[in-house]
$ cat target.cif   # mmCIF, C-alpha atoms
data_my_file
#
loop_
_atom_site.group_PDB
_atom_site.id
_atom_site.type_symbol
_atom_site.label_atom_id
_atom_site.label_comp_id
_atom_site.auth_asym_id
_atom_site.auth_seq_id
_atom_site.Cartn_x
_atom_site.Cartn_y
_atom_site.Cartn_z
ATOM 1 C CA MET A 72 7.131 41.151 58.590
ATOM 2 C CA LEU A 73 5.923 42.913 61.702
ATOM 3 C CA ASP A 74 3.759 45.988 61.404
ATOM 4 C CA GLU A 75 4.679 49.250 63.149
ATOM 5 C CA ARG A 76 2.184 48.750 65.974
ATOM 6 C CA SER A 77 3.601 45.327 66.889
ATOM 7 C CA LYS A 78 7.157 46.717 66.849
ATOM 8 C CA ILE A 79 6.165 49.450 69.303
ATOM 9 C CA ILE A 80 4.470 46.935 71.597
ATOM 10 C CA ILE A 81 7.480 44.602 71.443
ATOM 11 C CA GLU A 82 9.852 47.463 72.303
ATOM 12 C CA GLU A 83 7.654 48.335 75.291
ATOM 13 C CA ILE A 84 7.690 44.718 76.475
ATOM 14 C CA LYS A 85 11.501 44.685 76.131
ATOM 15 C CA PHE A 86 11.591 47.791 78.314
ATOM 16 C CA TRP A 87 9.428 46.021 80.920
ATOM 17 C CA LYS A 88 11.723 42.997 80.776
ATOM 18 C CA GLU A 89 14.893 45.066 81.119
ATOM 19 C CA HIS A 90 13.540 47.053 84.075
ATOM 20 C CA LYS A 91 11.900 43.988 85.637
ATOM 21 C CA ILE A 92 8.404 45.455 85.616
ATOM 22 C CA LEU A 93 7.041 42.027 84.641
ATOM 23 C CA PRO A 94 8.668 38.637 85.191
ATOM 24 C CA GLU A 95 11.033 37.599 82.411
ATOM 25 C CA SER A 96 8.963 34.559 81.435
ATOM 26 C CA TYR A 97 5.851 36.736 80.923
ATOM 27 C CA CYS A 98 7.804 39.166 78.796
ATOM 28 C CA ASP A 99 9.235 36.344 76.660
ATOM 29 C CA TYR A 100 5.738 34.965 76.176
ATOM 30 C CA LEU A 101 4.344 38.367 75.173
ATOM 31 C CA ILE A 102 7.226 39.019 72.771
ATOM 32 C CA ASN A 103 6.634 35.652 71.096
ATOM 33 C CA LEU A 104 2.897 36.353 70.989
ATOM 34 C CA TYR A 105 3.199 39.777 69.343
ATOM 35 C CA SER A 106 6.016 38.764 66.992
ATOM 36 C CA LYS A 107 4.001 35.705 65.895
ATOM 37 C CA GLY A 108 7.075 33.525 66.221
ATOM 38 C CA GLU A 109 9.232 35.657 63.921
ATOM 39 C CA PRO A 110 12.723 36.567 65.099
ATOM 40 C CA VAL A 111 12.690 39.983 66.694
ATOM 41 C CA GLU A 112 15.358 42.393 65.484
ATOM 42 C CA ARG A 113 17.098 44.585 67.978
ATOM 43 C CA GLY A 114 16.456 48.207 67.277
ATOM 44 C CA GLU A 115 18.891 51.067 67.348
ATOM 45 C CA ASN A 116 19.352 50.491 71.076
ATOM 46 C CA LYS A 117 23.028 49.529 71.046
ATOM 47 C CA SER A 118 23.740 48.349 74.527
ATOM 48 C CA LEU A 119 26.906 46.611 75.641
ATOM 49 C CA ARG A 120 25.156 43.297 75.095
ATOM 50 C CA SER A 121 23.643 43.930 71.668
ATOM 51 C CA GLY A 122 26.354 45.524 69.586
ATOM 52 C CA GLY A 123 29.280 45.637 71.859
ATOM 53 C CA GLN A 124 31.129 42.339 71.593
ATOM 54 C CA PRO A 125 34.360 44.120 70.555
ATOM 55 C CA LEU A 126 33.685 46.787 73.185
ATOM 56 C CA LEU A 127 33.163 44.098 75.815
ATOM 57 C CA LEU A 128 36.457 42.429 74.894
ATOM 58 C CA ILE A 129 38.280 45.760 75.117
ATOM 59 C CA GLN A 130 36.741 46.533 78.499
ATOM 60 C CA LEU A 131 37.559 43.087 79.897
ATOM 61 C CA SER A 132 41.110 43.398 78.595
ATOM 62 C CA LEU A 133 41.490 46.832 80.179
ATOM 63 C CA ILE A 134 40.159 45.706 83.530
ATOM 64 C CA THR A 135 42.486 42.700 83.482
ATOM 65 C CA LEU A 136 45.475 44.901 82.621
ATOM 66 C CA MET A 137 44.662 47.244 85.493
ATOM 67 C CA ILE A 138 45.893 44.651 87.992
ATOM 68 C CA PRO A 139 49.523 44.641 86.773
ATOM 69 C CA PHE A 140 49.337 48.395 86.071
ATOM 70 C CA SER A 141 48.299 49.048 89.664
ATOM 71 C CA PHE A 142 51.244 46.944 90.807
ATOM 72 C CA LEU A 143 53.515 49.032 88.561
ATOM 73 C CA VAL A 144 52.043 52.288 89.850
ATOM 74 C CA ILE A 145 52.633 51.282 93.450
ATOM 75 C CA TYR A 146 56.086 49.731 93.307
ATOM 76 C CA PHE A 147 57.885 50.997 90.185
ATOM 77 C CA THR A 148 57.006 54.670 89.838
ATOM 78 C CA GLU A 149 58.243 57.742 91.627
ATOM 79 C CA PHE A 150 54.855 59.465 91.652
ATOM 80 C CA HIS A 151 53.716 61.315 94.725
ATOM 81 C CA PRO A 152 51.754 58.982 97.064
ATOM 82 C CA LEU A 153 48.647 61.131 96.615
ATOM 83 C CA MET A 154 48.861 60.714 92.847
ATOM 84 C CA GLN A 155 49.378 56.959 93.191
ATOM 85 C CA THR A 156 46.337 56.768 95.452
ATOM 86 C CA GLY A 157 44.332 58.800 92.933
ATOM 87 C CA ILE A 158 45.299 56.480 90.081
ATOM 88 C CA LEU A 159 44.360 53.433 92.149
ATOM 89 C CA SER A 160 41.036 55.094 93.042
ATOM 90 C CA LEU A 161 40.309 55.636 89.341
ATOM 91 C CA PHE A 162 41.092 51.984 88.634
ATOM 92 C CA ILE A 163 38.731 50.920 91.422
ATOM 93 C CA ALA A 164 35.989 53.264 90.186
ATOM 94 C CA TYR A 165 36.294 51.870 86.645
ATOM 95 C CA ALA A 166 36.194 48.271 87.910
ATOM 96 C CA LEU A 167 33.137 49.061 90.033
ATOM 97 C CA TRP A 168 31.382 50.771 87.120
ATOM 98 C CA LEU A 169 32.131 47.867 84.771
ATOM 99 C CA PHE A 170 30.919 45.347 87.361
ATOM 100 C CA TYR A 171 27.575 47.135 87.762
ATOM 101 C CA ASP A 172 27.200 47.671 84.005
ATOM 102 C CA LEU A 173 27.754 43.992 83.248
ATOM 103 C CA LYS A 174 25.455 43.029 86.116
ATOM 104 C CA LYS A 175 22.738 45.327 84.773
ATOM 105 C CA HIS A 176 22.995 43.759 81.308
ATOM 106 C CA GLN A 177 23.261 40.246 82.780
ATOM 107 C CA ILE A 178 26.458 39.390 80.930
ATOM 108 C CA LYS A 179 28.176 36.172 81.928
ATOM 109 C CA TRP A 180 31.677 37.744 82.202
ATOM 110 C CA LEU A 181 30.721 39.408 85.477
ATOM 111 C CA TYR A 182 33.426 37.627 87.464
ATOM 112 C CA VAL A 183 36.301 39.364 85.614
ATOM 113 C CA PRO A 184 35.590 42.895 86.898
ATOM 114 C CA LEU A 185 34.599 41.506 90.302
ATOM 115 C CA LEU A 186 37.910 39.723 90.812
ATOM 116 C CA ALA A 187 39.821 42.695 89.390
ATOM 117 C CA LEU A 188 37.955 44.961 91.799
ATOM 118 C CA LEU A 189 38.830 42.730 94.741
ATOM 119 C CA PHE A 190 42.512 42.656 93.769
ATOM 120 C CA LEU A 191 42.593 46.421 93.242
ATOM 121 C CA ILE A 192 41.049 46.967 96.671
ATOM 122 C CA LEU A 193 43.615 44.574 98.158
ATOM 123 C CA PHE A 194 46.517 46.447 96.529
ATOM 124 C CA SER A 195 45.106 49.847 97.474
ATOM 125 C CA THR A 196 44.414 49.058 101.111
ATOM 126 C CA GLU A 197 47.834 47.445 101.460
ATOM 127 C CA TYR A 198 49.508 50.489 99.895
ATOM 128 C CA ILE A 199 47.588 52.977 102.051
ATOM 129 C CA GLY A 200 48.296 50.867 105.123
ATOM 130 C CA GLN A 201 52.024 50.969 104.325
ATOM 131 C CA LEU A 202 51.860 54.745 103.915
ATOM 132 C CA ILE A 203 50.209 55.231 107.291
ATOM 133 C CA ILE A 204 51.949 52.560 109.373
ATOM 134 C CA THR A 205 55.111 50.845 108.145
ATOM 135 C CA ASP A 206 54.956 47.945 110.587
ATOM 136 C CA HIS A 207 55.135 44.456 109.045
ATOM 137 C CA TRP A 208 52.243 43.136 111.147
ATOM 138 C CA VAL A 209 49.852 45.851 110.026
ATOM 139 C CA SER A 210 50.319 44.744 106.423
ATOM 140 C CA GLY A 211 49.540 41.182 107.452
ATOM 141 C CA ILE A 212 46.393 42.251 109.274
ATOM 142 C CA ILE A 213 45.228 44.251 106.236
ATOM 143 C CA ILE A 214 45.799 41.279 103.941
ATOM 144 C CA VAL A 215 44.013 38.878 106.320
ATOM 145 C CA LEU A 216 41.068 41.297 106.585
ATOM 146 C CA ASN A 217 40.860 41.560 102.791
ATOM 147 C CA PHE A 218 40.875 37.800 102.272
ATOM 148 C CA SER A 219 38.346 37.373 105.076
ATOM 149 C CA ALA A 220 36.111 39.897 103.326
ATOM 150 C CA TRP A 221 36.512 37.884 100.103
ATOM 151 C CA TYR A 222 35.401 34.736 101.908
ATOM 152 C CA ILE A 223 32.399 36.467 103.502
ATOM 153 C CA LEU A 224 31.422 38.077 100.188
ATOM 154 C CA GLY A 225 31.691 34.741 98.383
ATOM 155 C CA LYS A 226 29.656 32.968 101.026
ATOM 156 C CA LYS A 227 26.987 35.673 101.129
ATOM 157 C CA THR A 228 26.606 35.953 97.351
ATOM 158 C CA LYS A 229 27.115 32.216 96.760
ATOM 159 C CA LEU A 230 30.040 32.840 94.408
ATOM 160 C CA LYS A 231 32.289 29.845 94.882
ATOM 161 C CA TYR A 232 35.312 31.312 93.118
ATOM 162 C CA VAL A 233 35.368 34.334 95.447
ATOM 163 C CA LYS A 234 34.895 32.162 98.525
ATOM 164 C CA TYR A 235 37.645 29.742 97.513
ATOM 165 C CA SER A 236 39.971 32.598 96.555
ATOM 166 C CA GLY A 237 39.467 34.023 100.032
ATOM 167 C CA ILE A 238 40.220 30.663 101.651
ATOM 168 C CA ILE A 239 43.350 30.132 99.537
ATOM 169 C CA GLY A 240 44.520 33.677 100.249
ATOM 170 C CA LEU A 241 43.991 33.229 103.994
ATOM 171 C CA LEU A 242 45.855 29.924 103.989
ATOM 172 C CA MET A 243 48.792 31.335 102.025
ATOM 173 C CA THR A 244 48.982 34.388 104.280
ATOM 174 C CA CYS A 245 48.931 32.198 107.392
ATOM 175 C CA ILE A 246 51.646 29.931 105.946
ATOM 176 C CA TYR A 247 53.751 32.975 105.123
ATOM 177 C CA PHE A 248 53.491 34.355 108.648
ATOM 178 C CA VAL A 249 54.112 30.987 110.304
ATOM 179 C CA TYR A 250 57.184 30.492 108.113
ATOM 180 C CA ASN A 251 58.543 33.963 108.885
ATOM 181 C CA PHE A 252 57.740 33.664 112.586
ATOM 182 C CA SER A 253 59.539 30.302 112.814
ATOM 183 C CA HIS A 254 62.698 31.861 111.303
ATOM 184 C CA VAL A 255 62.579 34.707 113.821
ATOM 185 C CA VAL A 256 62.216 32.334 116.800
ATOM 186 C CA LEU A 257 64.903 29.911 115.646
#
$ encode --input "target.cif" --output "C-alpha coordinates"
Amino acid sequence: MLDERSKIIIEEIKFWKEHKILPESYCDYLINLYSKGEPVERGENKSLRSGGQPLLLIQLSLITLMIPFSFLVIYFTEFHPLMQTGILSLFIAYALWLFYDLKKHQIKWLYVPLLALLFLILFSTEYIGQLIITDHWVSGIIIVLNFSAWYILGKKTKLKYVKYSGIIGLLMTCIYFVYNFSHVVL
(Lines of atoms letter the chains of each structure in order from A and count residues from 1; the text may use other names and numbers.)
(Lines give C-alpha, C1' and ligand atoms only; values in the text may rest on other atoms or scores of the structure.)
Protein backbone atom coordinates (compact mmCIF):
# COMPACT_ATOMS: atom_id res chain seq x y z
CA MET A 1 0.00 0.00 0.00
CA LEU A 2 1.40 3.36 -0.99
CA ASP A 3 1.51 6.17 1.52
CA GLU A 4 -0.03 9.58 0.76
CA ARG A 5 3.32 11.21 0.00
CA SER A 6 4.22 8.60 -2.64
CA LYS A 7 0.78 8.97 -4.26
CA ILE A 8 1.28 12.73 -4.58
CA ILE A 9 4.73 12.26 -6.09
CA ILE A 10 3.43 9.63 -8.53
CA GLU A 11 0.59 11.93 -9.62
CA GLU A 12 3.13 14.71 -10.23
CA ILE A 13 5.30 12.38 -12.32
CA LYS A 14 2.20 11.36 -14.33
CA PHE A 15 1.57 15.05 -14.97
CA TRP A 16 5.17 15.46 -16.19
CA LYS A 17 4.75 12.42 -18.43
CA GLU A 18 1.45 13.63 -19.88
CA HIS A 19 2.79 17.12 -20.60
CA LYS A 20 6.16 15.80 -21.79
CA ILE A 21 8.18 17.72 -19.22
CA LEU A 22 10.46 14.68 -18.83
CA PRO A 23 11.02 11.86 -21.31
CA GLU A 24 8.52 9.03 -21.01
CA SER A 25 11.16 6.46 -20.06
CA TYR A 26 12.34 8.62 -17.13
CA CYS A 27 8.79 9.05 -15.92
CA ASP A 28 8.12 5.30 -16.12
CA TYR A 29 11.29 4.65 -14.15
CA LEU A 30 10.36 7.19 -11.47
CA ILE A 31 6.81 5.83 -11.19
CA ASN A 32 8.17 2.30 -10.72
CA LEU A 33 10.70 3.61 -8.20
CA TYR A 34 8.17 5.46 -6.04
CA SER A 35 5.48 2.78 -6.31
CA LYS A 36 8.03 0.12 -5.32
CA GLY A 37 6.81 -2.14 -8.09
CA GLU A 38 3.17 -2.08 -6.97
CA PRO A 39 0.51 -1.44 -9.61
CA VAL A 40 -0.41 2.21 -9.64
CA GLU A 41 -4.13 2.97 -9.53
CA ARG A 42 -5.48 5.73 -11.68
CA GLY A 43 -6.98 8.46 -9.59
CA GLU A 44 -10.20 10.32 -10.14
CA ASN A 45 -8.74 11.75 -13.35
CA LYS A 46 -11.16 10.17 -15.81
CA SER A 47 -9.71 10.92 -19.19
CA LEU A 48 -10.89 9.43 -22.45
CA ARG A 49 -8.19 6.79 -22.11
CA SER A 50 -8.74 5.80 -18.48
CA GLY A 51 -12.46 5.41 -18.03
CA GLY A 52 -13.85 6.11 -21.39
CA GLN A 53 -13.84 2.88 -23.38
CA PRO A 54 -17.63 3.10 -23.94
CA LEU A 55 -17.27 6.83 -24.60
CA LEU A 56 -14.50 6.15 -27.11
CA LEU A 57 -16.66 3.59 -28.93
CA ILE A 58 -19.56 6.05 -29.08
CA GLN A 59 -17.32 8.82 -30.40
CA LEU A 60 -15.75 6.58 -33.05
CA SER A 61 -19.20 5.39 -34.09
CA LEU A 62 -20.46 8.96 -34.35
CA ILE A 63 -17.51 10.12 -36.40
CA THR A 64 -17.92 7.14 -38.73
CA LEU A 65 -21.64 7.85 -39.14
CA MET A 66 -20.92 11.48 -40.00
CA ILE A 67 -19.62 10.44 -43.42
CA PRO A 68 -22.94 9.01 -44.68
CA PHE A 69 -24.86 11.74 -42.81
CA SER A 70 -22.87 14.42 -44.63
CA PHE A 71 -23.70 12.69 -47.90
CA LEU A 72 -27.38 12.72 -46.91
CA VAL A 73 -27.24 16.38 -45.91
CA ILE A 74 -25.73 17.36 -49.24
CA TYR A 75 -27.74 15.29 -51.69
CA PHE A 76 -31.04 14.27 -50.04
CA THR A 77 -32.23 17.28 -48.06
CA GLU A 78 -33.90 20.49 -49.10
CA PHE A 79 -32.07 22.62 -46.54
CA HIS A 80 -30.78 26.02 -47.52
CA PRO A 81 -27.18 25.78 -48.85
CA LEU A 82 -25.97 27.95 -45.97
CA MET A 83 -27.50 25.55 -43.46
CA GLN A 84 -25.99 22.55 -45.26
CA THR A 85 -22.59 24.25 -45.18
CA GLY A 86 -23.04 24.98 -41.48
CA ILE A 87 -23.87 21.35 -40.71
CA LEU A 88 -20.85 20.17 -42.68
CA SER A 89 -18.68 22.70 -40.82
CA LEU A 90 -19.90 21.32 -37.49
CA PHE A 91 -19.08 17.79 -38.64
CA ILE A 92 -15.58 18.91 -39.64
CA ALA A 93 -15.07 20.74 -36.34
CA TYR A 94 -16.12 17.64 -34.37
CA ALA A 95 -13.82 15.40 -36.43
CA LEU A 96 -10.93 17.82 -35.92
CA TRP A 97 -11.58 18.03 -32.18
CA LEU A 98 -11.77 14.24 -31.85
CA PHE A 99 -8.56 13.82 -33.87
CA TYR A 100 -6.64 16.21 -31.59
CA ASP A 101 -8.15 14.71 -28.43
CA LEU A 102 -7.16 11.18 -29.41
CA LYS A 103 -3.73 12.41 -30.48
CA LYS A 104 -3.26 14.15 -27.13
CA HIS A 105 -4.16 10.95 -25.25
CA GLN A 106 -2.09 8.81 -27.64
CA ILE A 107 -4.94 6.45 -28.45
CA LYS A 108 -4.35 3.99 -31.27
CA TRP A 109 -7.70 4.68 -33.02
CA LEU A 110 -6.38 8.00 -34.32
CA TYR A 111 -6.82 7.04 -37.97
CA VAL A 112 -10.65 6.86 -37.74
CA PRO A 113 -11.23 10.59 -37.10
CA LEU A 114 -8.39 11.48 -39.47
CA LEU A 115 -9.91 9.60 -42.39
CA ALA A 116 -13.39 10.86 -41.50
CA LEU A 117 -12.01 14.40 -41.42
CA LEU A 118 -10.42 13.97 -44.84
CA PHE A 119 -13.65 12.61 -46.33
CA LEU A 120 -15.71 15.39 -44.75
CA ILE A 121 -13.35 18.00 -46.18
CA LEU A 122 -13.60 16.30 -49.58
CA PHE A 123 -17.41 16.34 -49.48
CA SER A 124 -17.53 19.93 -48.22
CA THR A 125 -15.11 21.38 -50.75
CA GLU A 126 -16.86 19.52 -53.56
CA TYR A 127 -20.25 20.82 -52.40
CA ILE A 128 -19.04 24.42 -52.03
CA GLY A 129 -17.32 24.19 -55.40
CA GLN A 130 -20.60 23.06 -56.99
CA LEU A 131 -22.43 25.96 -55.35
CA ILE A 132 -19.97 28.51 -56.69
CA ILE A 133 -19.20 27.08 -60.13
CA THR A 134 -21.36 24.35 -61.67
CA ASP A 135 -18.86 23.32 -64.33
CA HIS A 136 -17.99 19.60 -64.45
CA TRP A 137 -14.25 20.26 -64.71
CA VAL A 138 -14.13 22.38 -61.58
CA SER A 139 -15.47 19.45 -59.57
CA GLY A 140 -12.75 17.25 -61.04
CA ILE A 141 -10.05 19.76 -60.17
CA ILE A 142 -11.35 20.02 -56.58
CA ILE A 143 -11.34 16.24 -56.21
CA VAL A 144 -7.83 15.93 -57.70
CA LEU A 145 -6.57 18.67 -55.35
CA ASN A 146 -8.11 16.89 -52.35
CA PHE A 147 -6.56 13.54 -53.21
CA SER A 148 -3.23 15.22 -53.92
CA ALA A 149 -3.41 16.82 -50.48
CA TRP A 150 -4.11 13.36 -49.01
CA TYR A 151 -1.01 11.99 -50.72
CA ILE A 152 1.17 14.89 -49.54
CA LEU A 153 -0.20 14.64 -45.99
CA GLY A 154 0.42 10.89 -45.92
CA LYS A 155 3.93 11.28 -47.25
CA LYS A 156 4.77 14.11 -44.85
CA THR A 157 3.37 12.40 -41.76
CA LYS A 158 4.49 8.92 -42.85
CA LEU A 159 0.95 7.55 -42.65
CA LYS A 160 0.81 4.88 -45.31
CA TYR A 161 -2.97 4.50 -45.32
CA VAL A 162 -3.47 8.21 -46.07
CA LYS A 163 -0.80 8.18 -48.77
CA TYR A 164 -2.22 5.08 -50.45
CA SER A 165 -5.77 6.41 -50.18
CA GLY A 166 -4.61 9.55 -51.98
CA ILE A 167 -2.94 7.51 -54.72
CA ILE A 168 -6.00 5.28 -55.19
CA GLY A 169 -8.29 8.31 -55.24
CA LEU A 170 -6.11 10.06 -57.83
CA LEU A 171 -6.01 6.97 -60.02
CA MET A 172 -9.77 6.45 -59.85
CA THR A 173 -10.43 10.11 -60.61
CA CYS A 174 -8.06 10.00 -63.59
CA ILE A 175 -9.70 6.80 -64.88
CA TYR A 176 -13.12 8.40 -64.52
CA PHE A 177 -12.11 11.48 -66.51
CA VAL A 178 -10.31 9.48 -69.20
CA TYR A 179 -13.38 7.25 -69.57
CA ASN A 180 -15.75 10.22 -69.80
CA PHE A 181 -13.45 12.12 -72.15
CA SER A 182 -13.17 9.12 -74.48
CA HIS A 183 -16.99 8.92 -74.73
CA VAL A 184 -17.20 12.62 -75.57
CA VAL A 185 -14.56 12.35 -78.33
CA LEU A 186 -15.99 9.18 -79.87
$ axis_aligned_box --input "target.cif" --around "range 92-106 of chain A" --padding-each-side "6 Å" --output "JSON"
{"center_x": 7.0, "center_y": 40.0, "center_z": 76.3, "size_x": 20.1, "size_y": 22.9, "size_z": 30.6}
$ resolve_selection --input "target.cif" --expression "the PyMOL selection byres ((chain A and resi 93-104) around 12)" --output "list in words"
Leu73, Ser77, Lys78, Ile79, Ile80, Ile81, Glu82, Glu83, Ile84, Lys85, Phe86, Trp87, Lys88, Glu89, His90, Lys91, Ile92, Tyr105, Ser106, Lys107, Gly108, Glu109, Pro110, Val111 and Glu112 of chain A
$ resolve_selection --input "target.cif" --expression "the PyMOL selection byres ((chain A and resi 137-153) around 10)" --output "short mmCIF file (atom, residue, chain, number, x, y, z; two decimals) with C-alpha atoms, keeping the file's coordinate frame"
data_model
loop_
_atom_site.label_atom_id
_atom_site.label_comp_id
_atom_site.auth_asym_id
_atom_site.auth_seq_id
_atom_site.Cartn_x
_atom_site.Cartn_y
_atom_site.Cartn_z
CA LEU A 131 37.56 43.09 79.90
CA SER A 132 41.11 43.40 78.60
CA LEU A 133 41.49 46.83 80.18
CA ILE A 134 40.16 45.71 83.53
CA THR A 135 42.49 42.70 83.48
CA LEU A 136 45.48 44.90 82.62
CA MET A 154 48.86 60.71 92.85
CA GLN A 155 49.38 56.96 93.19
CA THR A 156 46.34 56.77 95.45
CA GLY A 157 44.33 58.80 92.93
CA ILE A 158 45.30 56.48 90.08
CA LEU A 159 44.36 53.43 92.15
CA PHE A 162 41.09 51.98 88.63
CA ILE A 163 38.73 50.92 91.42
CA TYR A 165 36.29 51.87 86.64
CA ALA A 166 36.19 48.27 87.91
CA LEU A 186 37.91 39.72 90.81
CA ALA A 187 39.82 42.70 89.39
CA LEU A 188 37.96 44.96 91.80
CA LEU A 189 38.83 42.73 94.74
CA PHE A 190 42.51 42.66 93.77
CA LEU A 191 42.59 46.42 93.24
CA PHE A 194 46.52 46.45 96.53
CA SER A 195 45.11 49.85 97.47
CA TYR A 198 49.51 50.49 99.90
CA ILE A 199 47.59 52.98 102.05
CA LEU A 202 51.86 54.74 103.92
#
$ residues_around --input "target.cif" --residues "Tyr232 in chain A" --least-positions-apart "3" --cutoff "10 Å" --atoms "only C-alpha atoms" --output "ChimeraX atom specification"
/A:182,186,221-222,225-226,229,235-238
$ write_last_selection --input "target.cif" --atoms "C-alpha atoms" --output "PDB file, in the frame of the given file"
ATOM      1  CA  TYR A 182      33.426  37.627  87.464  1.00  0.00           C
ATOM      2  CA  LEU A 186      37.910  39.723  90.812  1.00  0.00           C
ATOM      3  CA  TRP A 221      36.512  37.884 100.103  1.00  0.00           C
ATOM      4  CA  TYR A 222      35.401  34.736 101.908  1.00  0.00           C
ATOM      5  CA  GLY A 225      31.691  34.741  98.383  1.00  0.00           C
ATOM      6  CA  LYS A 226      29.656  32.968 101.026  1.00  0.00           C
ATOM      7  CA  LYS A 229      27.115  32.216  96.760  1.00  0.00           C
ATOM      8  CA  TYR A 235      37.645  29.742  97.513  1.00  0.00           C
ATOM      9  CA  SER A 236      39.971  32.598  96.555  1.00  0.00           C
ATOM     10  CA  GLY A 237      39.467  34.023 100.032  1.00  0.00           C
ATOM     11  CA  ILE A 238      40.220  30.663 101.651  1.00  0.00           C
TER      12      ILE A 238
END
$ residues_around --input "target.cif" --residues "Asp172 in chain A" --least-positions-apart "2" --cutoff "12 Å" --atoms "all atoms listed in the file" --output "ChimeraX atom specification"
/A:118-120,127,130,165-170,174-181,184-185
$ atom_distance --input "target.cif" --atom1 "CA of His207 in chain A" --atom2 "CA of Ser253 in chain A"
15.3 Å
$ atom_distance --input "target.cif" --atom1 "CA of Ser210 in chain A" --atom2 "CA of Lys227 in chain A"
25.6 Å
$ residues_around --input "target.cif" --residues "Ile212 in chain A" --least-positions-apart "2" --cutoff "12 Å" --atoms "all atoms listed in the file" --output "PyMOL selection string"
chain A and resi 193+196-197+200-201+204+206-210+214-219+241+244-245+248
$ atom_distance --input "target.cif" --atom1 "CA of Pro125 in chain A" --atom2 "CA of Leu161 in chain A"
22.8 Å
